[in-house]
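The next block holds one structure in the form of structure tokens; read it before the comments.
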Amino acid sequence: METKQEIRKQIRKLRSRINADEWQAATEAIAEKIIGSDSFREATDLYCYMDFDGEVGTERIIDEAWRLGKDIWLPKVSGDEMRFYLVESEQHLVRGIFGILEPCGGCVQASGEDGLAIVPGIAFDRLHNRIGYGKGYYDRYLKAHPNLVKFGIAFDIQLVDKIPSEECDCKMDRIFTETVVY
């Protein structure tokens, strides 16, 4: 079995080869599946991310959630911790430590009690395991907030046969790609 580091390297290379048209078409297909899901329609709180470095785009999902009056919570990293904060418009976003748009100061911190979490990752498998970027931010947050419904989103090329999992890893409830939902 490949190590997490080997899978990260391989999948990031594959993801970097996706051209802009392929990225847009796949992102739109994934967004439509998410928006059409019962979990999205029923959620009043959406925990999401701002896409970065070729990740599946989230703009359409966030815009639809705002249109429907949902509360949007986006992550901000500080040291070894990631917390989610209420964002009411794009004007509440600034470039953060990794160059990723994140909530500016003064935003309300999320309780994490319930809601739908849209989770990025480098790779996923059909058993709902996930490989992130290696810092454990999402695993720690999601383990501490077990009532959140967890949707991993990725391109088809990010699905692998088996991911080595550890006790500290948090499984997704569902995984969405442009062609399948697990």
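Chain lettering (A, B, ...) mirrors the order of the structure tokens, residue numbering begins at 1 for each chain separately, and ligand numbering begins at 1 in order of display.
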
Point to revise | All residues 12 Å or closer to segment 9-13 of chain A, only C-alpha atoms, same chain fewer than 3 positions away omitted, as a PyMOL selection string | key: chain A and resi 2-6+16-18+53-55+121-124+131-134+154-160

Selection export as a PDB file, in the first residue's frame, atoms kept: N, CA and C atoms:
ATOM      1  N   GLU A   2       0.464   2.217  -0.789  1.00  0.00           N
ATOM      2  CA  GLU A   2       1.207   3.467  -0.834  1.00  0.00           C
ATOM      3  C   GLU A   2       1.033   4.239   0.477  1.00  0.00           C
ATOM      4  N   THR A   3       2.032   5.059   0.792  1.00  0.00           N
ATOM      5  CA  THR A   3       1.932   5.900   1.982  1.00  0.00           C
ATOM      6  C   THR A   3       1.105   7.141   1.649  1.00  0.00           C
ATOM      7  N   LYS A   4       0.664   7.838   2.682  1.00  0.00           N
ATOM      8  CA  LYS A   4      -0.088   9.074   2.480  1.00  0.00           C
ATOM      9  C   LYS A   4       0.745  10.083   1.688  1.00  0.00           C
ATOM     10  N   GLN A   5       2.030  10.161   1.998  1.00  0.00           N
ATOM     11  CA  GLN A   5       2.897  11.108   1.301  1.00  0.00           C
ATOM     12  C   GLN A   5       2.988  10.780  -0.190  1.00  0.00           C
ATOM     13  N   GLU A   6       3.098   9.511  -0.520  1.00  0.00           N
ATOM     14  CA  GLU A   6       3.157   9.104  -1.930  1.00  0.00           C
ATOM     15  C   GLU A   6       1.848   9.428  -2.651  1.00  0.00           C
ATOM     16  N   SER A  16      -2.889  18.981 -10.883  1.00  0.00           N
ATOM     17  CA  SER A  16      -2.281  20.149 -11.525  1.00  0.00           C
ATOM     18  C   SER A  16      -2.412  20.111 -13.049  1.00  0.00           C
ATOM     19  N   ARG A  17      -2.719  18.954 -13.589  1.00  0.00           N
ATOM     20  CA  ARG A  17      -2.852  18.802 -15.044  1.00  0.00           C
ATOM     21  C   ARG A  17      -4.264  19.092 -15.560  1.00  0.00           C
ATOM     22  N   ILE A  18      -5.200  19.327 -14.658  1.00  0.00           N
ATOM     23  CA  ILE A  18      -6.570  19.632 -15.074  1.00  0.00           C
ATOM     24  C   ILE A  18      -6.574  21.027 -15.697  1.00  0.00           C
ATOM     25  N   ASP A  53      -5.360  26.296  -4.998  1.00  0.00           N
ATOM     26  CA  ASP A  53      -4.405  25.368  -5.602  1.00  0.00           C
ATOM     27  C   ASP A  53      -5.067  24.210  -6.363  1.00  0.00           C
ATOM     28  N   GLY A  54      -6.099  24.534  -7.150  1.00  0.00           N
ATOM     29  CA  GLY A  54      -6.722  23.512  -7.984  1.00  0.00           C
ATOM     30  C   GLY A  54      -7.775  22.658  -7.314  1.00  0.00           C
ATOM     31  N   GLU A  55      -8.138  22.976  -6.060  1.00  0.00           N
ATOM     32  CA  GLU A  55      -9.200  22.232  -5.382  1.00  0.00           C
ATOM     33  C   GLU A  55     -10.526  22.454  -6.108  1.00  0.00           C
ATOM     34  N   GLY A 121      -9.846  17.907   0.207  1.00  0.00           N
ATOM     35  CA  GLY A 121      -8.856  16.864   0.469  1.00  0.00           C
ATOM     36  C   GLY A 121      -8.003  16.639  -0.759  1.00  0.00           C
ATOM     37  N   ILE A 122      -6.901  15.964  -0.553  1.00  0.00           N
ATOM     38  CA  ILE A 122      -6.042  15.587  -1.671  1.00  0.00           C
ATOM     39  C   ILE A 122      -6.580  14.327  -2.326  1.00  0.00           C
ATOM     40  N   ALA A 123      -7.009  13.360  -1.496  1.00  0.00           N
ATOM     41  CA  ALA A 123      -7.500  12.085  -2.027  1.00  0.00           C
ATOM     42  C   ALA A 123      -8.561  11.514  -1.094  1.00  0.00           C
ATOM     43  N   PHE A 124      -9.433  10.694  -1.688  1.00  0.00           N
ATOM     44  CA  PHE A 124     -10.481  10.006  -0.953  1.00  0.00           C
ATOM     45  C   PHE A 124     -10.554   8.581  -1.478  1.00  0.00           C
ATOM     46  N   ILE A 131      -7.439  11.931   2.676  1.00  0.00           N
ATOM     47  CA  ILE A 131      -6.086  12.434   2.926  1.00  0.00           C
ATOM     48  C   ILE A 131      -6.130  13.935   2.682  1.00  0.00           C
ATOM     49  N   GLY A 132      -5.733  14.692   3.685  1.00  0.00           N
ATOM     50  CA  GLY A 132      -5.650  16.142   3.551  1.00  0.00           C
ATOM     51  C   GLY A 132      -4.226  16.548   3.205  1.00  0.00           C
ATOM     52  N   TYR A 133      -3.880  17.745   3.619  1.00  0.00           N
ATOM     53  CA  TYR A 133      -2.554  18.282   3.294  1.00  0.00           C
ATOM     54  C   TYR A 133      -1.484  17.882   4.303  1.00  0.00           C
ATOM     55  N   GLY A 134      -1.899  17.192   5.370  1.00  0.00           N
ATOM     56  CA  GLY A 134      -0.907  16.648   6.293  1.00  0.00           C
ATOM     57  C   GLY A 134      -0.767  17.365   7.615  1.00  0.00           C
ATOM     58  N   ALA A 154     -14.275  16.158  -4.391  1.00  0.00           N
ATOM     59  CA  ALA A 154     -13.019  15.957  -5.119  1.00  0.00           C
ATOM     60  C   ALA A 154     -13.332  15.629  -6.576  1.00  0.00           C
ATOM     61  N   PHE A 155     -12.326  15.738  -7.400  1.00  0.00           N
ATOM     62  CA  PHE A 155     -12.447  15.310  -8.790  1.00  0.00           C
ATOM     63  C   PHE A 155     -12.263  13.798  -8.857  1.00  0.00           C
ATOM     64  N   ASP A 156     -12.792  13.186  -9.910  1.00  0.00           N
ATOM     65  CA  ASP A 156     -12.663  11.735 -10.080  1.00  0.00           C
ATOM     66  C   ASP A 156     -11.219  11.265  -9.923  1.00  0.00           C
ATOM     67  N   ILE A 157     -10.281  12.039 -10.447  1.00  0.00           N
ATOM     68  CA  ILE A 157      -8.867  11.623 -10.402  1.00  0.00           C
ATOM     69  C   ILE A 157      -8.318  11.590  -8.974  1.00  0.00           C
ATOM     70  N   GLN A 158      -9.067  12.139  -8.020  1.00  0.00           N
ATOM     71  CA  GLN A 158      -8.622  12.147  -6.627  1.00  0.00           C
ATOM     72  C   GLN A 158      -9.123  10.938  -5.846  1.00  0.00           C
ATOM     73  N   LEU A 159      -9.882  10.067  -6.499  1.00  0.00           N
ATOM     74  CA  LEU A 159     -10.320   8.834  -5.856  1.00  0.00           C
ATOM     75  C   LEU A 159      -9.248   7.765  -6.017  1.00  0.00           C
ATOM     76  N   VAL A 160      -8.905   7.127  -4.922  1.00  0.00           N
ATOM     77  CA  VAL A 160      -7.916   6.046  -4.955  1.00  0.00           C
ATOM     78  C   VAL A 160      -8.548   4.785  -4.372  1.00  0.00           C
TER      79      VAL A 160
END

Point to revise | Who sits within 8 Å of Pro103 of chain A, only C-alpha atoms, same chain under 5 positions skipped, as an NGL selection string | key: :A and (74-76 or 85-87 or 92-94)

Preceding selection exported with all heavy atoms as an mmCIF file, in the first residue's frame:
data_model
loop_
_atom_site.group_PDB
_atom_site.id
_atom_site.type_symbol
_atom_site.label_atom_id
_atom_site.label_comp_id
_atom_site.auth_asym_id
_atom_site.auth_seq_id
_atom_site.Cartn_x
_atom_site.Cartn_y
_atom_site.Cartn_z
ATOM 1 N N LEU A 74 -16.604 29.888 7.399
ATOM 2 C CA LEU A 74 -15.380 29.582 6.671
ATOM 3 C C LEU A 74 -14.211 29.475 7.652
ATOM 4 O O LEU A 74 -14.210 30.130 8.704
ATOM 5 C CB LEU A 74 -15.096 30.644 5.620
ATOM 6 C CG LEU A 74 -16.150 30.764 4.510
ATOM 7 C CD1 LEU A 74 -15.820 31.931 3.588
ATOM 8 C CD2 LEU A 74 -16.264 29.484 3.716
ATOM 9 N N PRO A 75 -13.198 28.665 7.295
ATOM 10 C CA PRO A 75 -12.103 28.418 8.238
ATOM 11 C C PRO A 75 -11.030 29.494 8.239
ATOM 12 O O PRO A 75 -10.787 30.158 7.236
ATOM 13 C CB PRO A 75 -11.519 27.095 7.729
ATOM 14 C CG PRO A 75 -11.763 27.137 6.256
ATOM 15 C CD PRO A 75 -13.081 27.848 6.087
ATOM 16 N N LYS A 76 -10.424 29.616 9.403
ATOM 17 C CA LYS A 76 -9.247 30.476 9.581
ATOM 18 C C LYS A 76 -8.257 29.683 10.425
ATOM 19 O O LYS A 76 -8.627 29.131 11.461
ATOM 20 C CB LYS A 76 -9.641 31.774 10.276
ATOM 21 C CG LYS A 76 -8.480 32.722 10.480
ATOM 22 C CD LYS A 76 -8.951 34.026 11.101
ATOM 23 C CE LYS A 76 -7.773 34.954 11.276
ATOM 24 N NZ LYS A 76 -8.006 36.237 10.659
ATOM 25 N N TYR A 85 -15.606 30.773 11.106
ATOM 26 C CA TYR A 85 -16.211 32.049 11.449
ATOM 27 C C TYR A 85 -17.304 32.403 10.447
ATOM 28 O O TYR A 85 -17.209 32.055 9.265
ATOM 29 C CB TYR A 85 -15.150 33.160 11.456
ATOM 30 C CG TYR A 85 -14.115 32.964 12.530
ATOM 31 C CD1 TYR A 85 -12.968 32.216 12.285
ATOM 32 C CD2 TYR A 85 -14.290 33.510 13.796
ATOM 33 C CE1 TYR A 85 -12.022 32.007 13.272
ATOM 34 C CE2 TYR A 85 -13.345 33.307 14.791
ATOM 35 C CZ TYR A 85 -12.210 32.565 14.524
ATOM 36 O OH TYR A 85 -11.283 32.361 15.503
ATOM 37 N N LEU A 86 -18.313 33.102 10.933
ATOM 38 C CA LEU A 86 -19.430 33.525 10.106
ATOM 39 C C LEU A 86 -18.957 34.551 9.078
ATOM 40 O O LEU A 86 -18.300 35.531 9.428
ATOM 41 C CB LEU A 86 -20.528 34.141 10.981
ATOM 42 C CG LEU A 86 -21.789 34.593 10.273
ATOM 43 C CD1 LEU A 86 -22.520 33.411 9.632
ATOM 44 C CD2 LEU A 86 -22.712 35.320 11.261
ATOM 45 N N VAL A 87 -19.305 34.307 7.822
ATOM 46 C CA VAL A 87 -18.967 35.229 6.739
ATOM 47 C C VAL A 87 -20.266 35.554 6.013
ATOM 48 O O VAL A 87 -20.927 34.664 5.491
ATOM 49 C CB VAL A 87 -17.930 34.612 5.771
ATOM 50 C CG1 VAL A 87 -17.678 35.541 4.600
ATOM 51 C CG2 VAL A 87 -16.639 34.301 6.500
ATOM 52 N N HIS A 92 -15.921 40.213 3.738
ATOM 53 C CA HIS A 92 -15.396 39.805 5.040
ATOM 54 C C HIS A 92 -14.205 38.851 4.916
ATOM 55 O O HIS A 92 -13.843 38.189 5.889
ATOM 56 C CB HIS A 92 -16.493 39.125 5.874
ATOM 57 C CG HIS A 92 -17.579 40.053 6.295
ATOM 58 N ND1 HIS A 92 -18.892 39.844 5.971
ATOM 59 C CD2 HIS A 92 -17.537 41.211 7.004
ATOM 60 C CE1 HIS A 92 -19.623 40.829 6.464
ATOM 61 N NE2 HIS A 92 -18.823 41.670 7.090
ATOM 62 N N LEU A 93 -13.614 38.756 3.715
ATOM 63 C CA LEU A 93 -12.513 37.822 3.475
ATOM 64 C C LEU A 93 -11.205 38.566 3.214
ATOM 65 O O LEU A 93 -11.196 39.612 2.551
ATOM 66 C CB LEU A 93 -12.836 36.917 2.280
ATOM 67 C CG LEU A 93 -14.071 36.036 2.420
ATOM 68 C CD1 LEU A 93 -14.376 35.337 1.105
ATOM 69 C CD2 LEU A 93 -13.884 35.020 3.538
ATOM 70 N N VAL A 94 -10.115 37.997 3.719
ATOM 71 C CA VAL A 94 -8.760 38.517 3.478
ATOM 72 C C VAL A 94 -7.840 37.334 3.187
ATOM 73 O O VAL A 94 -8.153 36.188 3.517
ATOM 74 C CB VAL A 94 -8.224 39.315 4.699
ATOM 75 C CG1 VAL A 94 -9.047 40.565 4.942
ATOM 76 C CG2 VAL A 94 -8.173 38.450 5.942
#

Check your understanding: Please, which residues of segment 85-143 of chain A, numbered as in this document, come out alpha helix (DSSP H) from DSSP, as a list in words?
Key ->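 Alpha helix (DSSP H) members of segment 85-143 of chain A, listed: Tyr137, Tyr138, Asp139, Arg140, Tyr141, Leu142 and Lys143 of chain A.
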
Keeping only N, CA, C and O atoms, write the selected residues as a PDB file, in the first residue's frame.
ATOM      1  N   TYR A 137      -5.633  19.745  10.349  1.00  0.00           N
ATOM      2  CA  TYR A 137      -6.596  20.773  10.762  1.00  0.00           C
ATOM      3  C   TYR A 137      -8.037  20.266  10.704  1.00  0.00           C
ATOM      4  O   TYR A 137      -8.782  20.387  11.670  1.00  0.00           O
ATOM      5  N   TYR A 138      -8.432  19.723   9.555  1.00  0.00           N
ATOM      6  CA  TYR A 138      -9.816  19.254   9.411  1.00  0.00           C
ATOM      7  C   TYR A 138     -10.102  18.051  10.293  1.00  0.00           C
ATOM      8  O   TYR A 138     -11.176  17.971  10.895  1.00  0.00           O
ATOM      9  N   ASP A 139      -9.177  17.114  10.381  1.00  0.00           N
ATOM     10  CA  ASP A 139      -9.404  15.939  11.229  1.00  0.00           C
ATOM     11  C   ASP A 139      -9.664  16.356  12.675  1.00  0.00           C
ATOM     12  O   ASP A 139     -10.604  15.876  13.311  1.00  0.00           O
ATOM     13  N   ARG A 140      -8.862  17.259  13.195  1.00  0.00           N
ATOM     14  CA  ARG A 140      -9.042  17.699  14.584  1.00  0.00           C
ATOM     15  C   ARG A 140     -10.377  18.430  14.759  1.00  0.00           C
ATOM     16  O   ARG A 140     -11.105  18.195  15.717  1.00  0.00           O
ATOM     17  N   TYR A 141     -10.685  19.331  13.821  1.00  0.00           N
ATOM     18  CA  TYR A 141     -11.922  20.090  13.943  1.00  0.00           C
ATOM     19  C   TYR A 141     -13.142  19.173  13.853  1.00  0.00           C
ATOM     20  O   TYR A 141     -14.067  19.272  14.664  1.00  0.00           O
ATOM     21  N   LEU A 142     -13.153  18.306  12.868  1.00  0.00           N
ATOM     22  CA  LEU A 142     -14.310  17.430  12.667  1.00  0.00           C
ATOM     23  C   LEU A 142     -14.477  16.421  13.795  1.00  0.00           C
ATOM     24  O   LEU A 142     -15.599  16.097  14.182  1.00  0.00           O
ATOM     25  N   LYS A 143     -13.391  15.930  14.354  1.00  0.00           N
ATOM     26  CA  LYS A 143     -13.481  15.011  15.502  1.00  0.00           C
ATOM     27  C   LYS A 143     -14.066  15.738  16.721  1.00  0.00           C
ATOM     28  O   LYS A 143     -14.815  15.154  17.495  1.00  0.00           O
TER      29      LYS A 143
END

Check your understanding: What does the distance between atom CA of Arg83 of chain A and atom CA of Ile30 of chain A come to in Å, to one decimal place?
Key ->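 Those two atoms sit 25.0 Å apart.
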
Check your understanding: Using only C-alpha atoms, which residues sit within 8 Å of Ala26 of chain A once same-chain residues fewer than 6 positions away are excluded, as JSON, numbers by chain?
Key -> {"A": [56, 155, 177, 178]}

**Study point:** Spatial neighbours of Thr44 of chain A, max dist 10 Å, only C-alpha atoms, sep filter under 6 positions, as a PyMOL selection string
**Key:** chain A and resi 65+68-72+114-116

Just N, CA and C atoms for this one: save the residues we selected as a short mmCIF file (atom, residue, chain, number, x, y, z; two decimals), in the first residue's frame.
data_model
loop_
_atom_site.label_atom_id
_atom_site.label_comp_id
_atom_site.auth_asym_id
_atom_site.auth_seq_id
_atom_site.Cartn_x
_atom_site.Cartn_y
_atom_site.Cartn_z
N ALA A 65 -25.95 29.04 -1.02
CA ALA A 65 -26.26 29.02 0.41
C ALA A 65 -26.63 30.43 0.89
N LEU A 68 -30.07 31.33 -0.28
CA LEU A 68 -31.11 30.65 0.50
C LEU A 68 -31.17 31.10 1.96
N GLY A 69 -30.31 32.02 2.35
CA GLY A 69 -30.33 32.55 3.71
C GLY A 69 -29.62 31.70 4.74
N LYS A 70 -28.76 30.80 4.29
CA LYS A 70 -28.01 29.94 5.23
C LYS A 70 -26.85 30.74 5.83
N ASP A 71 -26.42 30.35 7.01
CA ASP A 71 -25.22 30.93 7.60
C ASP A 71 -24.01 30.20 7.01
N ILE A 72 -23.04 30.97 6.55
CA ILE A 72 -21.82 30.42 5.94
C ILE A 72 -20.67 30.61 6.92
N ASP A 114 -23.99 21.92 14.83
CA ASP A 114 -24.62 21.17 13.74
C ASP A 114 -24.47 21.95 12.44
N GLY A 115 -24.69 21.24 11.34
CA GLY A 115 -24.57 21.86 10.03
C GLY A 115 -23.96 20.88 9.05
N LEU A 116 -23.77 21.36 7.85
CA LEU A 116 -23.16 20.59 6.78
C LEU A 116 -21.76 21.12 6.53
#

Review point. Just how far from atom CA of Ile100 of chain A is atom CA of Phe52 of chain A, in Å to one decimal?
Key: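 Going from atom CA of Phe52 of chain A over to atom CA of Ile100 of chain A covers 6.3 Å.
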
Practice item. Extract, using only C-alpha atoms, all DNA, RNA and protein residues at most 10 Å from Arg126 of chain A, discarding same-chain residues fewer than 3 positions from it, and format them as a list in words. Key: Asn129, Arg130, Leu159, Val160, Asp161, Lys162, Ile163, Arg174, Ile175, Val181 and Tyr182 of chain A

Please produce a file of the residues just selected, as an mmCIF file, in the first residue's frame, where the atoms kept are all heavy atoms.
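Output contents, as saved in out09.cif:
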data_model
loop_
_atom_site.group_PDB
_atom_site.id
_atom_site.type_symbol
_atom_site.label_atom_id
_atom_site.label_comp_id
_atom_site.auth_asym_id
_atom_site.auth_seq_id
_atom_site.Cartn_x
_atom_site.Cartn_y
_atom_site.Cartn_z
ATOM 1 N N ASN A 129 -12.598 7.379 3.481
ATOM 2 C CA ASN A 129 -11.369 7.884 4.080
ATOM 3 C C ASN A 129 -10.869 9.065 3.265
ATOM 4 O O ASN A 129 -11.130 9.173 2.068
ATOM 5 C CB ASN A 129 -10.302 6.789 4.119
ATOM 6 C CG ASN A 129 -10.674 5.675 5.056
ATOM 7 O OD1 ASN A 129 -10.971 5.913 6.218
ATOM 8 N ND2 ASN A 129 -10.693 4.450 4.548
ATOM 9 N N ARG A 130 -10.093 9.917 3.917
ATOM 10 C CA ARG A 130 -9.613 11.158 3.304
ATOM 11 C C ARG A 130 -8.153 11.381 3.651
ATOM 12 O O ARG A 130 -7.726 11.088 4.761
ATOM 13 C CB ARG A 130 -10.455 12.317 3.847
ATOM 14 C CG ARG A 130 -9.960 13.690 3.534
ATOM 15 C CD ARG A 130 -10.785 14.750 4.298
ATOM 16 N NE ARG A 130 -10.152 16.038 4.195
ATOM 17 C CZ ARG A 130 -9.211 16.495 5.002
ATOM 18 N NH1 ARG A 130 -8.801 15.761 6.023
ATOM 19 N NH2 ARG A 130 -8.665 17.669 4.810
ATOM 20 N N LEU A 159 -9.882 10.067 -6.499
ATOM 21 C CA LEU A 159 -10.320 8.834 -5.856
ATOM 22 C C LEU A 159 -9.248 7.765 -6.017
ATOM 23 O O LEU A 159 -8.744 7.561 -7.121
ATOM 24 C CB LEU A 159 -11.621 8.325 -6.479
ATOM 25 C CG LEU A 159 -12.888 9.084 -6.132
ATOM 26 C CD1 LEU A 159 -14.076 8.480 -6.866
ATOM 27 C CD2 LEU A 159 -13.143 9.091 -4.630
ATOM 28 N N VAL A 160 -8.905 7.127 -4.922
ATOM 29 C CA VAL A 160 -7.916 6.046 -4.955
ATOM 30 C C VAL A 160 -8.548 4.785 -4.372
ATOM 31 O O VAL A 160 -9.589 4.849 -3.708
ATOM 32 C CB VAL A 160 -6.625 6.426 -4.182
ATOM 33 C CG1 VAL A 160 -5.937 7.627 -4.814
ATOM 34 C CG2 VAL A 160 -6.902 6.693 -2.721
ATOM 35 N N ASP A 161 -7.921 3.643 -4.621
ATOM 36 C CA ASP A 161 -8.483 2.375 -4.157
ATOM 37 C C ASP A 161 -8.542 2.278 -2.636
ATOM 38 O O ASP A 161 -9.543 1.885 -2.069
ATOM 39 C CB ASP A 161 -7.689 1.193 -4.720
ATOM 40 C CG ASP A 161 -7.906 1.027 -6.209
ATOM 41 O OD1 ASP A 161 -8.989 1.414 -6.700
ATOM 42 O OD2 ASP A 161 -6.995 0.518 -6.882
ATOM 43 N N LYS A 162 -7.431 2.630 -1.976
ATOM 44 C CA LYS A 162 -7.387 2.495 -0.515
ATOM 45 C C LYS A 162 -6.446 3.533 0.068
ATOM 46 O O LYS A 162 -5.330 3.715 -0.414
ATOM 47 C CB LYS A 162 -6.925 1.091 -0.120
ATOM 48 C CG LYS A 162 -6.919 0.866 1.380
ATOM 49 C CD LYS A 162 -7.253 -0.567 1.729
ATOM 50 C CE LYS A 162 -7.185 -0.841 3.202
ATOM 51 N NZ LYS A 162 -8.154 -0.159 4.006
ATOM 52 N N ILE A 163 -6.921 4.163 1.108
ATOM 53 C CA ILE A 163 -6.126 5.153 1.834
ATOM 54 C C ILE A 163 -5.748 4.549 3.180
ATOM 55 O O ILE A 163 -6.622 4.031 3.895
ATOM 56 C CB ILE A 163 -6.920 6.456 2.031
ATOM 57 C CG1 ILE A 163 -7.040 7.187 0.690
ATOM 58 C CG2 ILE A 163 -6.278 7.340 3.084
ATOM 59 C CD1 ILE A 163 -7.876 8.431 0.738
ATOM 60 N N ARG A 174 -20.206 11.307 3.168
ATOM 61 C CA ARG A 174 -20.389 11.076 1.735
ATOM 62 C C ARG A 174 -19.242 11.744 0.991
ATOM 63 O O ARG A 174 -18.633 12.689 1.488
ATOM 64 C CB ARG A 174 -21.718 11.658 1.249
ATOM 65 C CG ARG A 174 -22.911 10.948 1.883
ATOM 66 C CD ARG A 174 -24.215 11.565 1.518
ATOM 67 N NE ARG A 174 -24.637 11.095 0.199
ATOM 68 C CZ ARG A 174 -25.691 11.580 -0.438
ATOM 69 N NH1 ARG A 174 -26.406 12.544 0.086
ATOM 70 N NH2 ARG A 174 -26.034 11.100 -1.614
ATOM 71 N N ILE A 175 -19.001 11.238 -0.222
ATOM 72 C CA ILE A 175 -17.985 11.828 -1.096
ATOM 73 C C ILE A 175 -18.632 12.096 -2.446
ATOM 74 O O ILE A 175 -19.298 11.226 -3.009
ATOM 75 C CB ILE A 175 -16.769 10.894 -1.242
ATOM 76 C CG1 ILE A 175 -16.109 10.704 0.124
ATOM 77 C CG2 ILE A 175 -15.771 11.464 -2.252
ATOM 78 C CD1 ILE A 175 -15.073 9.624 0.179
ATOM 79 N N VAL A 181 -21.324 9.636 -6.398
ATOM 80 C CA VAL A 181 -21.509 9.980 -4.987
ATOM 81 C C VAL A 181 -21.400 8.688 -4.208
ATOM 82 O O VAL A 181 -22.055 7.706 -4.531
ATOM 83 C CB VAL A 181 -22.900 10.625 -4.737
ATOM 84 C CG1 VAL A 181 -23.085 10.919 -3.258
ATOM 85 C CG2 VAL A 181 -23.082 11.877 -5.568
ATOM 86 N N TYR A 182 -20.524 8.674 -3.197
ATOM 87 C CA TYR A 182 -20.362 7.489 -2.347
ATOM 88 C C TYR A 182 -20.894 7.794 -0.959
ATOM 89 O O TYR A 182 -20.668 8.819 -0.410
ATOM 90 C CB TYR A 182 -18.888 7.097 -2.219
ATOM 91 C CG TYR A 182 -18.320 6.544 -3.486
ATOM 92 C CD1 TYR A 182 -17.504 7.318 -4.294
ATOM 93 C CD2 TYR A 182 -18.597 5.246 -3.879
ATOM 94 C CE1 TYR A 182 -16.980 6.803 -5.462
ATOM 95 C CE2 TYR A 182 -18.078 4.736 -5.052
ATOM 96 C CZ TYR A 182 -17.267 5.525 -5.837
ATOM 97 O OH TYR A 182 -16.756 5.025 -6.991
#

Review point. Of the candidates A:Glu59, A:Asp173, A:Glu166, A:Asp38, which one gets nearest to Ala117 of chain A if we count only C-alpha atoms?
Key: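 Ranked by minimum distance to Ala117 of chain A, first place goes to A:Asp173.
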
Review point. What gap, in Å, lies between atom CA of Ala144 of chain A and atom CA of Phe84 of chain A?
Key: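 That distance, rounded to one decimal, is 12.6 Å.
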